[in-house]
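Shown next: model-v7.csv, containing CSV, C-alpha atoms.
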chain,number,residue,atom,x,y,z
A,1,LEU,CA,-9.8,-18.8,-13.5
A,2,LEU,CA,-8.8,-15.9,-11.4
A,3,ARG,CA,-5.4,-14.5,-12.0
A,4,PRO,CA,-3.0,-14.1,-9.0
A,5,LEU,CA,-3.5,-10.4,-8.9
A,6,GLN,CA,-7.3,-10.7,-8.7
A,7,VAL,CA,-6.9,-13.3,-5.9
A,8,HIS,CA,-4.6,-10.8,-4.1
A,9,LEU,CA,-7.1,-8.0,-4.5
A,10,ASN,CA,-10.0,-10.1,-3.2
A,11,ARG,CA,-8.0,-11.3,-0.2
A,12,THR,CA,-6.8,-7.8,0.5
A,13,ALA,CA,-10.4,-6.5,0.4
A,14,VAL,CA,-11.7,-9.2,2.8
A,15,LEU,CA,-8.9,-8.5,5.3
A,16,ALA,CA,-9.3,-4.7,4.9
A,17,GLY,CA,-13.0,-5.0,5.6
A,18,GLU,CA,-12.4,-7.2,8.7
A,19,LEU,CA,-9.7,-4.9,10.1
A,20,ALA,CA,-11.8,-1.7,9.4
A,21,GLU,CA,-14.8,-3.2,11.2
A,22,LYS,CA,-12.7,-4.3,14.1
A,23,HIS,CA,-11.0,-0.8,14.5
A,24,GLY,CA,-14.0,1.4,13.8
A,25,VAL,CA,-12.8,2.6,10.4
A,26,ASP,CA,-15.0,3.3,7.4
A,27,VAL,CA,-15.4,-0.3,5.9
A,28,GLU,CA,-16.6,0.9,2.5
A,29,ALA,CA,-13.7,3.3,2.1
A,30,CYS,CA,-11.2,0.6,3.1
A,31,GLU,CA,-12.7,-2.1,0.8
A,32,LEU,CA,-12.8,0.3,-2.1
A,33,ALA,CA,-9.1,1.2,-1.5
A,34,ALA,CA,-8.3,-2.5,-1.3
A,35,THR,CA,-10.1,-3.5,-4.5
A,36,THR,CA,-8.5,-0.7,-6.5
A,37,HIS,CA,-5.0,-0.2,-5.1
A,38,ASP,CA,-3.3,-2.5,-7.7
A,39,LEU,CA,-5.4,-1.5,-10.7
A,40,PHE,CA,-2.2,-0.9,-12.8
A,41,ARG,CA,0.2,-3.3,-10.9
A,42,GLY,CA,0.5,-5.5,-14.0
A,43,GLU,CA,1.4,-2.8,-16.5
A,44,PRO,CA,4.9,-2.8,-18.0
A,45,ASP,CA,7.5,-0.1,-17.1
A,46,PHE,CA,6.9,2.0,-20.2
A,47,ALA,CA,3.2,2.2,-19.5
A,48,GLN,CA,3.8,3.2,-15.8
A,49,ILE,CA,6.1,6.0,-16.9
A,50,SER,CA,3.8,7.1,-19.7
A,51,MET,CA,0.8,7.2,-17.4
A,52,ALA,CA,2.7,9.1,-14.7
A,53,GLU,CA,3.7,11.7,-17.3
A,54,LYS,CA,0.1,11.9,-18.5
A,55,TYR,CA,-1.1,12.7,-15.0
A,56,GLY,CA,1.8,14.9,-14.0
A,57,ILE,CA,3.0,12.5,-11.3
A,58,PRO,CA,6.6,13.3,-10.3
A,59,ILE,CA,9.0,10.5,-11.1
A,60,GLY,CA,11.8,10.3,-8.5
A,61,ASP,CA,15.0,8.4,-8.5
A,62,ILE,CA,13.4,5.3,-6.9
A,63,GLU,CA,10.6,5.2,-9.5
A,64,THR,CA,13.1,5.8,-12.3
A,65,VAL,CA,15.0,2.6,-11.2
A,66,THR,CA,11.7,0.7,-10.6
A,67,PRO,CA,8.8,2.2,-12.6
A,68,MET,CA,6.4,-0.4,-11.2
A,69,LEU,CA,6.4,1.6,-8.0
A,70,LEU,CA,4.3,4.2,-9.9
A,71,HIS,CA,1.4,1.8,-9.9
A,72,GLY,CA,-0.2,3.3,-6.8
A,73,PRO,CA,0.1,7.0,-7.8
A,74,ASN,CA,-1.1,6.0,-11.3
A,75,ALA,CA,-4.2,4.1,-9.9
A,76,ALA,CA,-5.1,7.1,-7.7
A,77,ALA,CA,-4.8,9.5,-10.6
A,78,TRP,CA,-6.9,7.3,-12.8
A,79,LEU,CA,-9.5,6.9,-10.0
A,80,GLU,CA,-9.7,10.6,-9.5
A,81,ASN,CA,-9.5,11.7,-13.2
A,82,GLU,CA,-11.3,8.9,-15.1
A,83,ALA,CA,-13.6,7.3,-12.5
A,84,GLY,CA,-14.5,10.6,-10.7
A,85,LEU,CA,-13.6,9.3,-7.2
A,86,ILE,CA,-13.5,12.2,-4.8
A,87,ASP,CA,-12.9,10.4,-1.4
A,88,SER,CA,-9.4,11.8,-0.5
A,89,ARG,CA,-8.9,9.1,2.1
A,90,VAL,CA,-9.2,6.3,-0.6
A,91,LEU,CA,-7.2,8.3,-3.1
A,92,GLN,CA,-4.3,8.8,-0.6
A,93,ALA,CA,-4.4,5.2,0.6
A,94,VAL,CA,-4.2,3.9,-3.0
A,95,ARG,CA,-1.5,6.5,-4.0
A,96,TRP,CA,0.8,5.7,-1.1
A,97,HIS,CA,0.0,2.0,-0.4
A,98,THR,CA,3.5,0.9,-1.5
A,99,PHE,CA,5.5,3.3,0.8
A,100,GLY,CA,3.1,4.6,3.3
A,101,TRP,CA,3.2,8.4,3.9
A,102,PRO,CA,4.1,10.6,6.9
A,103,GLU,CA,0.5,11.7,7.7
A,104,ILE,CA,-1.1,8.3,7.1
A,105,ASP,CA,-4.7,8.1,8.1
A,106,ASP,CA,-6.8,5.2,9.3
A,107,VAL,CA,-7.9,4.1,5.8
A,108,GLY,CA,-4.3,4.2,4.7
A,109,LYS,CA,-3.2,2.1,7.6
A,110,ILE,CA,-5.9,-0.5,7.0
A,111,LEU,CA,-5.0,-0.7,3.3
A,112,TYR,CA,-1.2,-0.9,4.0
A,113,LEU,CA,-1.7,-3.7,6.6
A,114,ALA,CA,-4.3,-5.6,4.5
A,115,ASP,CA,-2.1,-5.4,1.3
A,116,LYS,CA,1.0,-6.7,3.0
A,117,LEU,CA,-0.7,-9.2,5.4
A,118,GLU,CA,-3.4,-10.9,3.3
A,119,PRO,CA,-3.3,-14.7,3.7
A,120,GLY,CA,-1.4,-15.4,0.5
A,121,LYS,CA,1.5,-13.2,1.7
A,122,VAL,CA,1.5,-14.6,5.2
A,123,ASN,CA,1.5,-18.2,3.7
A,124,ALA,CA,4.5,-17.2,1.5
A,125,ASP,CA,6.3,-15.6,4.5
A,126,PRO,CA,5.3,-17.2,7.8
A,127,SER,CA,7.4,-14.6,9.7
A,128,LEU,CA,4.5,-12.2,9.0
A,129,GLU,CA,2.1,-14.2,11.1
A,130,PRO,CA,2.9,-12.4,14.4
A,131,ILE,CA,2.5,-9.0,12.8
A,132,ARG,CA,-0.8,-10.2,11.2
A,133,ASN,CA,-2.0,-11.2,14.7
A,134,MET,CA,-0.9,-7.9,16.1
A,135,ALA,CA,-2.9,-6.0,13.5
A,136,GLU,CA,-6.1,-7.3,15.1
A,137,SER,CA,-5.5,-5.5,18.4
A,138,HIS,CA,-2.7,-3.0,17.9
A,139,PRO,CA,-2.7,-1.7,14.3
A,140,ASP,CA,-0.2,1.1,14.8
A,141,GLN,CA,2.3,-1.3,16.4
A,142,ALA,CA,1.7,-3.8,13.6
A,143,LEU,CA,2.2,-1.1,11.0
A,144,LEU,CA,5.5,0.0,12.6
A,145,GLU,CA,6.8,-3.6,12.8
A,146,LEU,CA,5.8,-4.2,9.2
A,147,LEU,CA,7.5,-1.0,8.0
A,148,GLN,CA,10.7,-1.8,10.0
A,149,LYS,CA,10.8,-5.4,8.6
A,150,ARG,CA,10.4,-4.1,5.0
A,151,TYR,CA,13.0,-1.3,5.7
A,152,GLU,CA,15.5,-3.9,6.9
A,153,ALA,CA,14.8,-6.1,3.8
A,154,GLN,CA,15.4,-3.2,1.5
A,155,LEU,CA,18.7,-2.3,3.2
A,156,ALA,CA,19.8,-5.9,3.0
A,157,LYS,CA,19.2,-5.8,-0.8
A,158,GLU,CA,21.0,-2.4,-1.0
A,159,LEU,CA,17.8,-0.7,-2.2
A,160,GLU,CA,17.0,2.9,-1.5
A,161,VAL,CA,14.2,3.4,1.0
A,162,HIS,CA,11.5,5.9,0.1
A,163,PRO,CA,11.7,9.1,2.3
A,164,PHE,CA,8.0,8.8,3.1
A,165,THR,CA,8.6,5.3,4.6
A,166,LEU,CA,11.4,6.7,6.8
A,167,ALA,CA,9.2,9.6,7.9
A,168,LEU,CA,6.3,7.3,8.7
A,169,ILE,CA,8.5,5.1,10.8
A,170,GLU,CA,9.7,8.1,12.8
A,171,ASN,CA,6.2,9.4,13.3
A,172,LEU,CA,5.0,6.0,14.5
A,173,LYS,CA,7.9,5.6,16.9
A,174,SER,CA,7.2,9.0,18.4
A,175,ASN,CA,3.5,8.3,19.1

Now that the file is in, can you turn its structure into structure tokens?
Amino acid sequence: LLRPLQVHLNRTAVLAGELAEKHGVDVEACELAATTHDLFRGEPDFAQISMAEKYGIPIGDIETVTPMLLHGPNAAAWLENEAGLIDSRVLQAVRWHTFGWPEIDDVGKILYLADKLEPGKVNADPSLEPIRNMAESHPDQALLELLQKRYEAQLAKELEVHPFTLALIENLKSN
């Protein structure tokens, strides 16, 4: 049987491929990012920290409180250093898929949308359905709506919001 994480990766890859094709983005790069973004998602906190230290990944206050948030940077570092991946678009998309980043590119946008809007997540939270539909025709607007929704949820839980997320929201609003 497929574990829930494998099911999520498969659904994310399918949606990433569909959105990439629809919006004229490199389908292979988006599908590769989608199938690898959560490589280390299931690792315990101590392993996340240990791996980040091994690869020289900075551990900020947010990651210190929630080490699982290092799974994207850890996956990108592993893909680059152990698997020899050189496509910077895929590496950046994987590295920052949790928070987004201020200079997000098309591969990053597709991965972010596909990761957060794959069918399992929309079924679990039907309020995502309008954003999922918007991603078909207006990916930047869908990305902004999704980021703002997540931002509000984090504030409601009194969680710190990553500075890259805030910068990306501002960049999308000004475009």

Given the point (9.9, -12.5, 11.3) in the coordinates of this file, which residues lie within 12 Å, counting all atoms listed in the file, and how would they look as a PyMOL selection string? chain A and resi 122+125-132+145-146+148-150+152-153

Which residues, written as an MDAnalysis selection string, have at least one atom at most 7 Å from Ala93 of chain A, with all atoms listed in the file counted and residues fewer than 6 positions away on the same chain left out? chainID A and resid 33 107:108 111

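Atom CA of Glu158 of chain A lies 27.1 Å from atom CA of Ser50 of chain A.
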
Smallest atom-to-atom distance to Trp101 of chain A: which of A:Arg11, A:Arg3, A:His162, A:Lys173, using all atoms listed in the file? A:His162

Here atom CA of Phe40 of chain A and atom CA of Leu19 of chain A stand apart by 24.4 Å

Coordinates-based distance that separates atom CA of Thr165 of chain A from atom CA of Phe99 of chain A (Å, one decimal): 5.3 Å

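Using all atoms listed in the file, the nearest neighbour of Asn74 of chain A within the list A:Thr98, A:Gln48, A:Ser88, A:Asn171 is A:Gln48.
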